[in-house]
Amino acid sequence: MTEQNTIVLVTGATGNVGRHVVSLLIENGVRTRALTRRPEIAGLPDGVEVVGGDLTDPASWEAALDGVGAVFLLWPSFTAEGAAPVVDAVAERVHRIVYLSSSVVQDDRATPGDGGVWGEIERLVERSGAEWTFLRAGGFAANTLAWADQIKTGDVVRAPYGKAARSLIHEADIAAVAVRALTENGHAGRKYVLTGPEAITQEEQVRIIGETIGRPLRWEEQPLEEARKEVAAFMGEAGAEQALAYWATLVDHPEPVTMTVEKVTGRPARTFREWARDHAADFHPSRNTANGHTAR
């Protein structure tokens, strides 16, 4: 971006990736505006202009687009319902959109519904007329925080498909690519597939977390029906079926590894061990416990 005073608007600013995007923009001297539903508890760095608003309700935040030249877009729902007016509102006033998509979107699929909600949002952005870059991220290393409660209270992680090998990516690496695309020219029309630098099994991930926090941890294979109920509780039944079916394929066919992070940022993607070191505190029990449960 050539205008020195251009503002970058970050949606999902208090999430795993959004916080890193905000911090990196500030470190690089970029005028940054953060959109969050609850600005009073955002806890973002000094120098950020924090504005309140619900992304799914354009009327609540359209004023936040004043003076904005680029938007980091993260859609907060598992469906694309209501996304069209949001994308239209952004594209009418902003030159550049960097959308956090998913690697499940693949261009060799001909069916319009393929790629789930991420594919639907991509198509809306492509048709909007704005300059765009898509960050097709693989699995987030931060998803392993779902095991944190088990690790805090014991030495066993129960989950399905321990042999599934994933190329999980550190959220800071996604943010680093996003900031490049938001602030530099040369990324328009690019669809960056982002992964970590290695594919390691879920069993190995648990072992690495244990080594990082100084406790031996053990994987225990969870019965599929039990796992299905747990996953469905936050992804819905259809989402649970899709997730379990996908994890099953990774036992014999590990996720691919790309070098995109290094190509775009000039530094290698962080390993899962580096991610575990950065998040070691999230797996340690709190000092304050009651009735055997960790206080949060």
# chains A, B, ... in the order shown; residues from 1 in each chain; ligands from 1

call {"tool": "residues_around", "arguments": {"residues": "Leu244 (chain A)", "least_positions_apart": "6", "cutoff": "10 Å", "atoms": "only C-alpha atoms", "output": "number ranges by chain"}}
result
A: 160-161, 224, 227-228, 231

call {"tool": "write_last_selection", "arguments": {"atoms": "all heavy atoms", "output": "short mmCIF file (atom, residue, chain, number, x, y, z; two decimals), in the first residue's frame"}}
result
data_model
loop_
_atom_site.label_atom_id
_atom_site.label_comp_id
_atom_site.auth_asym_id
_atom_site.auth_seq_id
_atom_site.Cartn_x
_atom_site.Cartn_y
_atom_site.Cartn_z
N PRO A 160 -9.98 -39.20 18.90
CA PRO A 160 -9.94 -40.20 17.83
C PRO A 160 -8.78 -39.98 16.86
O PRO A 160 -8.28 -38.86 16.71
CB PRO A 160 -11.27 -39.98 17.12
CG PRO A 160 -11.54 -38.52 17.30
CD PRO A 160 -11.00 -38.16 18.65
N TYR A 161 -8.37 -41.06 16.22
CA TYR A 161 -7.39 -41.03 15.13
C TYR A 161 -6.04 -40.47 15.55
O TYR A 161 -5.55 -39.47 15.02
CB TYR A 161 -7.94 -40.27 13.92
CG TYR A 161 -9.19 -40.90 13.34
CD1 TYR A 161 -10.42 -40.25 13.38
CD2 TYR A 161 -9.13 -42.17 12.77
CE1 TYR A 161 -11.56 -40.84 12.87
CE2 TYR A 161 -10.27 -42.77 12.26
CZ TYR A 161 -11.49 -42.10 12.30
OH TYR A 161 -12.62 -42.70 11.79
N LEU A 224 -15.30 -43.92 18.44
CA LEU A 224 -15.81 -42.95 17.48
C LEU A 224 -17.17 -42.37 17.89
O LEU A 224 -17.42 -41.18 17.70
CB LEU A 224 -15.90 -43.58 16.10
CG LEU A 224 -14.59 -43.70 15.33
CD1 LEU A 224 -14.83 -44.33 13.97
CD2 LEU A 224 -13.94 -42.33 15.17
N ALA A 227 -16.59 -39.75 20.44
CA ALA A 227 -15.97 -38.58 19.82
C ALA A 227 -16.98 -37.81 18.98
O ALA A 227 -17.00 -36.57 18.98
CB ALA A 227 -14.79 -39.01 18.96
N ARG A 228 -17.83 -38.54 18.26
CA ARG A 228 -18.81 -37.89 17.40
C ARG A 228 -19.73 -36.98 18.20
O ARG A 228 -20.04 -35.86 17.79
CB ARG A 228 -19.61 -38.95 16.65
CG ARG A 228 -20.58 -38.39 15.61
CD ARG A 228 -21.25 -39.49 14.81
NE ARG A 228 -20.30 -40.08 13.86
CZ ARG A 228 -19.76 -41.29 14.00
NH1 ARG A 228 -20.06 -42.05 15.04
NH2 ARG A 228 -18.91 -41.77 13.09
N VAL A 231 -17.70 -33.78 19.29
CA VAL A 231 -17.43 -32.86 18.20
C VAL A 231 -18.72 -32.19 17.73
O VAL A 231 -18.75 -30.99 17.43
CB VAL A 231 -16.74 -33.58 17.03
CG1 VAL A 231 -16.52 -32.63 15.86
CG2 VAL A 231 -15.41 -34.18 17.47
#

call {"tool": "residues_around", "arguments": {"residues": "Val206 (chain A)", "least_positions_apart": "6", "cutoff": "10 Å", "atoms": "only C-alpha atoms", "output": "NGL selection string"}}
result
:A and (144 or 147 or 151 or 155-157 or 162 or 212 or 216-219 or 276)

call {"tool": "write_last_selection", "arguments": {"atoms": "all heavy atoms", "output": "mmCIF file, in the first residue's frame"}}
result
data_model
loop_
_atom_site.group_PDB
_atom_site.id
_atom_site.type_symbol
_atom_site.label_atom_id
_atom_site.label_comp_id
_atom_site.auth_asym_id
_atom_site.auth_seq_id
_atom_site.Cartn_x
_atom_site.Cartn_y
_atom_site.Cartn_z
ATOM 1 N N THR A 144 -5.325 -27.682 19.062
ATOM 2 C CA THR A 144 -4.951 -28.675 20.073
ATOM 3 C C THR A 144 -5.191 -28.154 21.491
ATOM 4 O O THR A 144 -5.092 -28.907 22.456
ATOM 5 C CB THR A 144 -3.483 -29.104 19.919
ATOM 6 O OG1 THR A 144 -2.622 -27.985 20.125
ATOM 7 C CG2 THR A 144 -3.232 -29.701 18.540
ATOM 8 N N TRP A 147 -7.400 -29.990 23.926
ATOM 9 C CA TRP A 147 -6.928 -31.024 24.856
ATOM 10 C C TRP A 147 -6.481 -30.439 26.193
ATOM 11 O O TRP A 147 -6.112 -31.188 27.103
ATOM 12 C CB TRP A 147 -5.736 -31.769 24.240
ATOM 13 C CG TRP A 147 -6.003 -32.421 22.929
ATOM 14 C CD1 TRP A 147 -7.180 -32.899 22.459
ATOM 15 C CD2 TRP A 147 -5.025 -32.687 21.897
ATOM 16 N NE1 TRP A 147 -7.024 -33.448 21.203
ATOM 17 C CE2 TRP A 147 -5.707 -33.326 20.837
ATOM 18 C CE3 TRP A 147 -3.661 -32.447 21.774
ATOM 19 C CZ2 TRP A 147 -5.056 -33.731 19.665
ATOM 20 C CZ3 TRP A 147 -3.006 -32.848 20.612
ATOM 21 C CH2 TRP A 147 -3.699 -33.481 19.575
ATOM 22 N N ILE A 151 -5.177 -32.328 29.771
ATOM 23 C CA ILE A 151 -3.768 -32.291 30.145
ATOM 24 C C ILE A 151 -3.582 -31.632 31.512
ATOM 25 O O ILE A 151 -2.722 -32.041 32.300
ATOM 26 C CB ILE A 151 -2.951 -31.573 29.052
ATOM 27 C CG1 ILE A 151 -2.952 -32.429 27.772
ATOM 28 C CG2 ILE A 151 -1.527 -31.293 29.512
ATOM 29 C CD1 ILE A 151 -2.363 -31.728 26.562
ATOM 30 N N ASP A 155 -2.729 -37.143 32.698
ATOM 31 C CA ASP A 155 -1.608 -37.405 31.786
ATOM 32 C C ASP A 155 -2.040 -38.133 30.517
ATOM 33 O O ASP A 155 -1.196 -38.656 29.780
ATOM 34 C CB ASP A 155 -0.541 -38.240 32.510
ATOM 35 C CG ASP A 155 0.037 -37.511 33.710
ATOM 36 O OD1 ASP A 155 0.190 -36.277 33.627
ATOM 37 O OD2 ASP A 155 0.322 -38.170 34.731
ATOM 38 N N VAL A 156 -3.339 -38.187 30.263
ATOM 39 C CA VAL A 156 -3.866 -38.902 29.098
ATOM 40 C C VAL A 156 -4.741 -37.968 28.276
ATOM 41 O O VAL A 156 -5.554 -37.220 28.826
ATOM 42 C CB VAL A 156 -4.696 -40.135 29.535
ATOM 43 C CG1 VAL A 156 -5.310 -40.821 28.312
ATOM 44 C CG2 VAL A 156 -3.828 -41.118 30.308
ATOM 45 N N VAL A 157 -4.571 -38.011 26.970
ATOM 46 C CA VAL A 157 -5.451 -37.314 26.041
ATOM 47 C C VAL A 157 -6.263 -38.356 25.292
ATOM 48 O O VAL A 157 -5.695 -39.237 24.635
ATOM 49 C CB VAL A 157 -4.659 -36.442 25.040
ATOM 50 C CG1 VAL A 157 -5.576 -35.930 23.934
ATOM 51 C CG2 VAL A 157 -3.995 -35.279 25.759
ATOM 52 N N GLY A 162 -5.406 -41.125 16.492
ATOM 53 C CA GLY A 162 -4.088 -40.703 16.941
ATOM 54 C C GLY A 162 -3.023 -40.788 15.864
ATOM 55 O O GLY A 162 -2.021 -40.071 15.916
ATOM 56 N N THR A 212 7.310 -30.417 26.309
ATOM 57 C CA THR A 212 7.409 -28.971 26.489
ATOM 58 C C THR A 212 7.058 -28.550 27.915
ATOM 59 O O THR A 212 7.697 -27.652 28.482
ATOM 60 C CB THR A 212 6.485 -28.248 25.490
ATOM 61 O OG1 THR A 212 6.857 -28.613 24.150
ATOM 62 C CG2 THR A 212 6.594 -26.736 25.641
ATOM 63 N N PRO A 216 5.319 -36.462 31.043
ATOM 64 C CA PRO A 216 5.008 -37.448 30.003
ATOM 65 C C PRO A 216 3.500 -37.568 29.815
ATOM 66 O O PRO A 216 2.754 -37.760 30.784
ATOM 67 C CB PRO A 216 5.610 -38.746 30.549
ATOM 68 C CG PRO A 216 5.650 -38.558 32.036
ATOM 69 C CD PRO A 216 5.900 -37.099 32.255
ATOM 70 N N LEU A 217 3.050 -37.423 28.588
ATOM 71 C CA LEU A 217 1.635 -37.542 28.258
ATOM 72 C C LEU A 217 1.410 -38.742 27.357
ATOM 73 O O LEU A 217 2.287 -39.114 26.568
ATOM 74 C CB LEU A 217 1.131 -36.278 27.567
ATOM 75 C CG LEU A 217 1.254 -34.965 28.340
ATOM 76 C CD1 LEU A 217 0.755 -33.793 27.492
ATOM 77 C CD2 LEU A 217 0.489 -35.026 29.654
ATOM 78 N N ARG A 218 0.231 -39.314 27.455
ATOM 79 C CA ARG A 218 -0.085 -40.528 26.699
ATOM 80 C C ARG A 218 -1.384 -40.329 25.914
ATOM 81 O O ARG A 218 -2.321 -39.707 26.406
ATOM 82 C CB ARG A 218 -0.222 -41.708 27.663
ATOM 83 C CG ARG A 218 -0.594 -43.030 27.014
ATOM 84 C CD ARG A 218 -0.477 -44.170 28.028
ATOM 85 N NE ARG A 218 -1.352 -43.974 29.177
ATOM 86 C CZ ARG A 218 -2.628 -44.359 29.216
ATOM 87 N NH1 ARG A 218 -3.195 -44.912 28.149
ATOM 88 N NH2 ARG A 218 -3.351 -44.170 30.314
ATOM 89 N N TRP A 219 -1.389 -40.858 24.704
ATOM 90 C CA TRP A 219 -2.588 -40.816 23.863
ATOM 91 C C TRP A 219 -3.438 -42.053 24.129
ATOM 92 O O TRP A 219 -2.919 -43.152 24.277
ATOM 93 C CB TRP A 219 -2.197 -40.788 22.385
ATOM 94 C CG TRP A 219 -3.371 -40.792 21.446
ATOM 95 C CD1 TRP A 219 -4.058 -41.866 20.970
ATOM 96 C CD2 TRP A 219 -3.996 -39.648 20.871
ATOM 97 N NE1 TRP A 219 -5.072 -41.478 20.149
ATOM 98 C CE2 TRP A 219 -5.059 -40.106 20.066
ATOM 99 C CE3 TRP A 219 -3.754 -38.277 20.960
ATOM 100 C CZ2 TRP A 219 -5.886 -39.244 19.341
ATOM 101 C CZ3 TRP A 219 -4.576 -37.418 20.242
ATOM 102 C CH2 TRP A 219 -5.625 -37.899 19.446
ATOM 103 N N ALA A 276 4.077 -25.215 20.684
ATOM 104 C CA ALA A 276 3.853 -25.747 22.035
ATOM 105 C C ALA A 276 4.617 -24.942 23.071
ATOM 106 O O ALA A 276 4.099 -24.680 24.178
ATOM 107 C CB ALA A 276 4.250 -27.222 22.085
#

call {"tool": "residues_around", "arguments": {"residues": "region 256-273 of chain A", "least_positions_apart": "2", "cutoff": "9 Å", "atoms": "only C-alpha atoms", "output": "JSON, numbers by chain"}}
result
{"A": [141, 166, 167, 168, 169, 170, 172, 173, 174, 176, 177, 180, 181, 192, 193, 194, 195, 196, 197, 198, 199, 200, 205, 208, 209, 212, 253, 254, 275, 276, 277, 278]}

call {"tool": "write_last_selection", "arguments": {"atoms": "C-alpha atoms", "output": "PDB file, in the first residue's frame"}}
result
ATOM      1  CA  ALA A 141      -2.027 -25.704  15.865  1.00  0.00           C
ATOM      2  CA  ARG A 166      -1.425 -33.058  10.282  1.00  0.00           C
ATOM      3  CA  SER A 167       0.690 -30.131   9.069  1.00  0.00           C
ATOM      4  CA  LEU A 168      -0.638 -27.733  11.701  1.00  0.00           C
ATOM      5  CA  ILE A 169       0.227 -24.066  11.379  1.00  0.00           C
ATOM      6  CA  HIS A 170       1.125 -21.532  14.068  1.00  0.00           C
ATOM      7  CA  ALA A 172       1.488 -16.196  14.122  1.00  0.00           C
ATOM      8  CA  ASP A 173       2.579 -17.469  10.697  1.00  0.00           C
ATOM      9  CA  ILE A 174      -0.890 -16.949   9.262  1.00  0.00           C
ATOM     10  CA  ALA A 176       2.641 -12.756   9.154  1.00  0.00           C
ATOM     11  CA  VAL A 177       1.401 -13.658   5.671  1.00  0.00           C
ATOM     12  CA  ARG A 180       2.313  -8.829   4.003  1.00  0.00           C
ATOM     13  CA  ALA A 181      -0.802  -9.104   1.854  1.00  0.00           C
ATOM     14  CA  TYR A 192      -2.006 -18.890  -0.558  1.00  0.00           C
ATOM     15  CA  VAL A 193      -2.198 -22.394   0.895  1.00  0.00           C
ATOM     16  CA  LEU A 194      -0.634 -22.121   4.349  1.00  0.00           C
ATOM     17  CA  THR A 195       0.628 -25.035   6.478  1.00  0.00           C
ATOM     18  CA  GLY A 196       3.222 -25.772   9.080  1.00  0.00           C
ATOM     19  CA  PRO A 197       6.631 -27.129   7.996  1.00  0.00           C
ATOM     20  CA  GLU A 198       5.949 -30.779   8.897  1.00  0.00           C
ATOM     21  CA  ALA A 199       3.191 -33.357   9.139  1.00  0.00           C
ATOM     22  CA  ILE A 200       3.132 -35.091  12.519  1.00  0.00           C
ATOM     23  CA  GLN A 205       1.642 -33.741  19.052  1.00  0.00           C
ATOM     24  CA  ILE A 208       5.645 -32.906  22.156  1.00  0.00           C
ATOM     25  CA  ILE A 209       3.295 -30.962  24.402  1.00  0.00           C
ATOM     26  CA  THR A 212       7.409 -28.971  26.489  1.00  0.00           C
ATOM     27  CA  HIS A 253      -2.516 -39.947   3.700  1.00  0.00           C
ATOM     28  CA  PRO A 254      -0.860 -37.198   5.794  1.00  0.00           C
ATOM     29  CA  TRP A 275       3.967 -23.505  18.944  1.00  0.00           C
ATOM     30  CA  ALA A 276       3.853 -25.747  22.035  1.00  0.00           C
ATOM     31  CA  ARG A 277       6.600 -23.688  23.689  1.00  0.00           C
ATOM     32  CA  ASP A 278       4.694 -20.481  22.965  1.00  0.00           C
TER      33      ASP A 278
END

call {"tool": "atom_distance", "arguments": {"atom1": "CA of Val50 (chain A)", "atom2": "CA of Asp66 (chain A)"}}
result
13.5 Å

call {"tool": "closest_residue", "arguments": {"among": "A:Arg207, A:Val10, A:Trp61, A:Gly15", "to": "Ala34 (chain A)", "atoms": "only C-alpha atoms"}}
result
A:Val10

call {"tool": "residues_around", "arguments": {"residues": "region 76-89 of chain A", "least_positions_apart": "4", "cutoff": "9 Å", "atoms": "only C-alpha atoms", "output": "list in words"}}
result
Gly12, Leu55, Thr56, Asp57, Pro58, Glu62, Leu65, Arg93, Val94, Gly116, Val117, Trp118, Glu120, Ile121, Leu124, Val125, Ser128, Met235 and Gly239 of chain A

call {"tool": "write_last_selection", "arguments": {"atoms": "N, CA, C and O atoms", "output": "JSON list (two decimals), in the first residue's frame"}}
result
[["chain", "number", "residue", "atom", "x", "y", "z"],
["A", 12, "GLY", "N", -12.34, -9.89, 13.61],
["A", 12, "GLY", "CA", -11.85, -11.02, 14.42],
["A", 12, "GLY", "C", -10.61, -10.64, 15.18],
["A", 12, "GLY", "O", -9.72, -11.47, 15.40],
["A", 55, "LEU", "N", -19.85, -8.10, 13.18],
["A", 55, "LEU", "CA", -19.59, -8.22, 11.74],
["A", 55, "LEU", "C", -20.82, -8.68, 10.97],
["A", 55, "LEU", "O", -21.01, -8.30, 9.81],
["A", 56, "THR", "N", -21.67, -9.49, 11.58],
["A", 56, "THR", "CA", -22.85, -9.99, 10.88],
["A", 56, "THR", "C", -23.95, -8.93, 10.77],
["A", 56, "THR", "O", -24.97, -9.18, 10.12],
["A", 57, "ASP", "N", -23.73, -7.76, 11.37],
["A", 57, "ASP", "CA", -24.70, -6.66, 11.31],
["A", 57, "ASP", "C", -24.00, -5.42, 10.76],
["A", 57, "ASP", "O", -23.48, -4.60, 11.52],
["A", 58, "PRO", "N", -23.97, -5.27, 9.42],
["A", 58, "PRO", "CA", -23.21, -4.16, 8.82],
["A", 58, "PRO", "C", -23.57, -2.79, 9.38],
["A", 58, "PRO", "O", -22.70, -1.93, 9.50],
["A", 62, "GLU", "N", -20.42, -0.16, 9.88],
["A", 62, "GLU", "CA", -20.02, 0.42, 8.59],
["A", 62, "GLU", "C", -19.21, 1.69, 8.75],
["A", 62, "GLU", "O", -18.33, 1.99, 7.94],
["A", 65, "LEU", "N", -15.43, 1.71, 8.50],
["A", 65, "LEU", "CA", -14.74, 1.66, 7.21],
["A", 65, "LEU", "C", -14.21, 3.01, 6.76],
["A", 65, "LEU", "O", -13.47, 3.08, 5.77],
["A", 93, "ARG", "N", -16.30, 0.33, -0.26],
["A", 93, "ARG", "CA", -15.52, 1.42, 0.32],
["A", 93, "ARG", "C", -14.05, 1.11, 0.52],
["A", 93, "ARG", "O", -13.27, 1.99, 0.87],
["A", 94, "VAL", "N", -13.66, -0.14, 0.33],
["A", 94, "VAL", "CA", -12.29, -0.56, 0.62],
["A", 94, "VAL", "C", -11.67, -1.17, -0.63],
["A", 94, "VAL", "O", -12.31, -1.95, -1.34],
["A", 116, "GLY", "N", -17.26, -25.64, 1.37],
["A", 116, "GLY", "CA", -18.02, -25.20, 2.53],
["A", 116, "GLY", "C", -18.21, -23.69, 2.58],
["A", 116, "GLY", "O", -18.21, -23.00, 1.57],
["A", 117, "VAL", "N", -18.35, -23.18, 3.78],
["A", 117, "VAL", "CA", -18.59, -21.75, 3.96],
["A", 117, "VAL", "C", -17.42, -20.94, 3.42],
["A", 117, "VAL", "O", -17.61, -19.83, 2.87],
["A", 118, "TRP", "N", -16.20, -21.49, 3.53],
["A", 118, "TRP", "CA", -15.03, -20.74, 3.07],
["A", 118, "TRP", "C", -15.07, -20.53, 1.55],
["A", 118, "TRP", "O", -14.77, -19.44, 1.06],
["A", 120, "GLU", "N", -17.79, -20.43, -0.25],
["A", 120, "GLU", "CA", -18.87, -19.49, -0.52],
["A", 120, "GLU", "C", -18.41, -18.05, -0.31],
["A", 120, "GLU", "O", -18.72, -17.17, -1.13],
["A", 121, "ILE", "N", -17.69, -17.81, 0.77],
["A", 121, "ILE", "CA", -17.20, -16.45, 1.03],
["A", 121, "ILE", "C", -16.19, -16.04, -0.04],
["A", 121, "ILE", "O", -16.21, -14.89, -0.52],
["A", 124, "LEU", "N", -18.02, -14.83, -3.03],
["A", 124, "LEU", "CA", -18.59, -13.51, -2.81],
["A", 124, "LEU", "C", -17.52, -12.43, -2.96],
["A", 124, "LEU", "O", -17.76, -11.37, -3.57],
["A", 125, "VAL", "N", -16.35, -12.67, -2.39],
["A", 125, "VAL", "CA", -15.27, -11.68, -2.46],
["A", 125, "VAL", "C", -14.78, -11.52, -3.90],
["A", 125, "VAL", "O", -14.54, -10.40, -4.37],
["A", 128, "SER", "N", -16.98, -9.30, -5.82],
["A", 128, "SER", "CA", -17.23, -7.98, -5.23],
["A", 128, "SER", "C", -16.59, -6.83, -5.98],
["A", 128, "SER", "O", -16.99, -5.67, -5.83],
["A", 235, "MET", "N", -19.73, -28.35, 16.58],
["A", 235, "MET", "CA", -19.69, -28.23, 15.12],
["A", 235, "MET", "C", -20.99, -28.66, 14.46],
["A", 235, "MET", "O", -21.14, -28.52, 13.25],
["A", 239, "GLY", "N", -21.13, -31.26, 10.67],
["A", 239, "GLY", "CA", -19.73, -30.87, 10.79],
["A", 239, "GLY", "C", -18.89, -31.95, 11.43],
["A", 239, "GLY", "O", -17.74, -32.19, 11.04]]

call {"tool": "select_by_dssp", "arguments": {"residues": "region 31-237 of chain A", "states": "alpha helix (DSSP H)", "output": "VMD selection string"}}
result
chain A and resid 83 to 93 116 to 128 148 to 153 171 to 183 202 to 213 224 to 237

call {"tool": "select_by_dssp", "arguments": {"residues": "region 23-251 of chain A", "states": "strand (DSSP E)", "output": "VMD selection string"}}
result
chain A and resid 31 to 36 49 to 52 68 to 73 96 to 102 131 to 137 156 to 159 165 to 166 191 to 194 200 to 201 218 to 221

call {"tool": "closest_residue", "arguments": {"among": "A:Ala243, A:Ala280, A:Pro223, A:Val71", "to": "Val104 (chain A)", "atoms": "only C-alpha atoms"}}
result
A:Ala243

call {"tool": "residues_around", "arguments": {"residues": "Tyr99 (chain A)", "least_positions_apart": "5", "cutoff": "8 Å", "atoms": "only C-alpha atoms", "output": "list in words"}}
result
Phe72, Leu73, Leu74, Glu122, Trp132, Thr133, Phe134 and Leu135 of chain A

call {"tool": "atom_distance", "arguments": {"atom1": "CA of Ser102 (chain A)", "atom2": "CA of Val68 (chain A)"}}
result
24.9 Å

call {"tool": "residues_around", "arguments": {"residues": "His284 (chain A)", "least_positions_apart": "5", "cutoff": "10 Å", "atoms": "only C-alpha atoms", "output": "list in words"}}
result
Ala148, Asp149, Ile151, Lys152, Thr153, Ile213, Gly214, His279 and Thr294 of chain A

call {"tool": "write_last_selection", "arguments": {"atoms": "N, CA, C and O atoms", "output": "PDB file, in the first residue's frame"}}
result
ATOM      1  N   ALA A 148      -6.499 -29.134  26.331  1.00  0.00           N
ATOM      2  CA  ALA A 148      -5.882 -28.491  27.495  1.00  0.00           C
ATOM      3  C   ALA A 148      -6.485 -28.963  28.811  1.00  0.00           C
ATOM      4  O   ALA A 148      -5.759 -29.226  29.776  1.00  0.00           O
ATOM      5  N   ASP A 149      -7.807 -29.070  28.874  1.00  0.00           N
ATOM      6  CA  ASP A 149      -8.423 -29.470  30.139  1.00  0.00           C
ATOM      7  C   ASP A 149      -8.006 -30.879  30.539  1.00  0.00           C
ATOM      8  O   ASP A 149      -7.762 -31.165  31.721  1.00  0.00           O
ATOM      9  N   ILE A 151      -5.177 -32.328  29.771  1.00  0.00           N
ATOM     10  CA  ILE A 151      -3.768 -32.291  30.145  1.00  0.00           C
ATOM     11  C   ILE A 151      -3.582 -31.632  31.512  1.00  0.00           C
ATOM     12  O   ILE A 151      -2.722 -32.041  32.300  1.00  0.00           O
ATOM     13  N   LYS A 152      -4.400 -30.638  31.802  1.00  0.00           N
ATOM     14  CA  LYS A 152      -4.287 -29.974  33.098  1.00  0.00           C
ATOM     15  C   LYS A 152      -4.658 -30.893  34.255  1.00  0.00           C
ATOM     16  O   LYS A 152      -4.139 -30.751  35.357  1.00  0.00           O
ATOM     17  N   THR A 153      -5.558 -31.823  34.001  1.00  0.00           N
ATOM     18  CA  THR A 153      -6.076 -32.659  35.095  1.00  0.00           C
ATOM     19  C   THR A 153      -5.568 -34.095  35.051  1.00  0.00           C
ATOM     20  O   THR A 153      -5.933 -34.904  35.898  1.00  0.00           O
ATOM     21  N   ILE A 213       6.057 -29.199  28.485  1.00  0.00           N
ATOM     22  CA  ILE A 213       5.620 -28.803  29.834  1.00  0.00           C
ATOM     23  C   ILE A 213       6.278 -29.654  30.919  1.00  0.00           C
ATOM     24  O   ILE A 213       6.011 -29.461  32.113  1.00  0.00           O
ATOM     25  N   GLY A 214       7.139 -30.607  30.517  1.00  0.00           N
ATOM     26  CA  GLY A 214       7.892 -31.386  31.492  1.00  0.00           C
ATOM     27  C   GLY A 214       7.130 -32.513  32.138  1.00  0.00           C
ATOM     28  O   GLY A 214       7.439 -32.909  33.263  1.00  0.00           O
ATOM     29  N   HIS A 279       2.830 -21.779  23.851  1.00  0.00           N
ATOM     30  CA  HIS A 279       1.550 -21.961  24.532  1.00  0.00           C
ATOM     31  C   HIS A 279       1.651 -22.893  25.732  1.00  0.00           C
ATOM     32  O   HIS A 279       0.621 -23.364  26.225  1.00  0.00           O
ATOM     33  N   THR A 294      -9.695 -27.434  37.480  1.00  0.00           N
ATOM     34  CA  THR A 294      -8.833 -26.280  37.277  1.00  0.00           C
ATOM     35  C   THR A 294      -9.654 -25.007  37.197  1.00  0.00           C
ATOM     36  O   THR A 294     -10.645 -24.938  36.494  1.00  0.00           O
TER      37      THR A 294
END

call {"tool": "atom_distance", "arguments": {"atom1": "CA of Val21 (chain A)", "atom2": "CA of Ala178 (chain A)"}}
result
7.0 Å
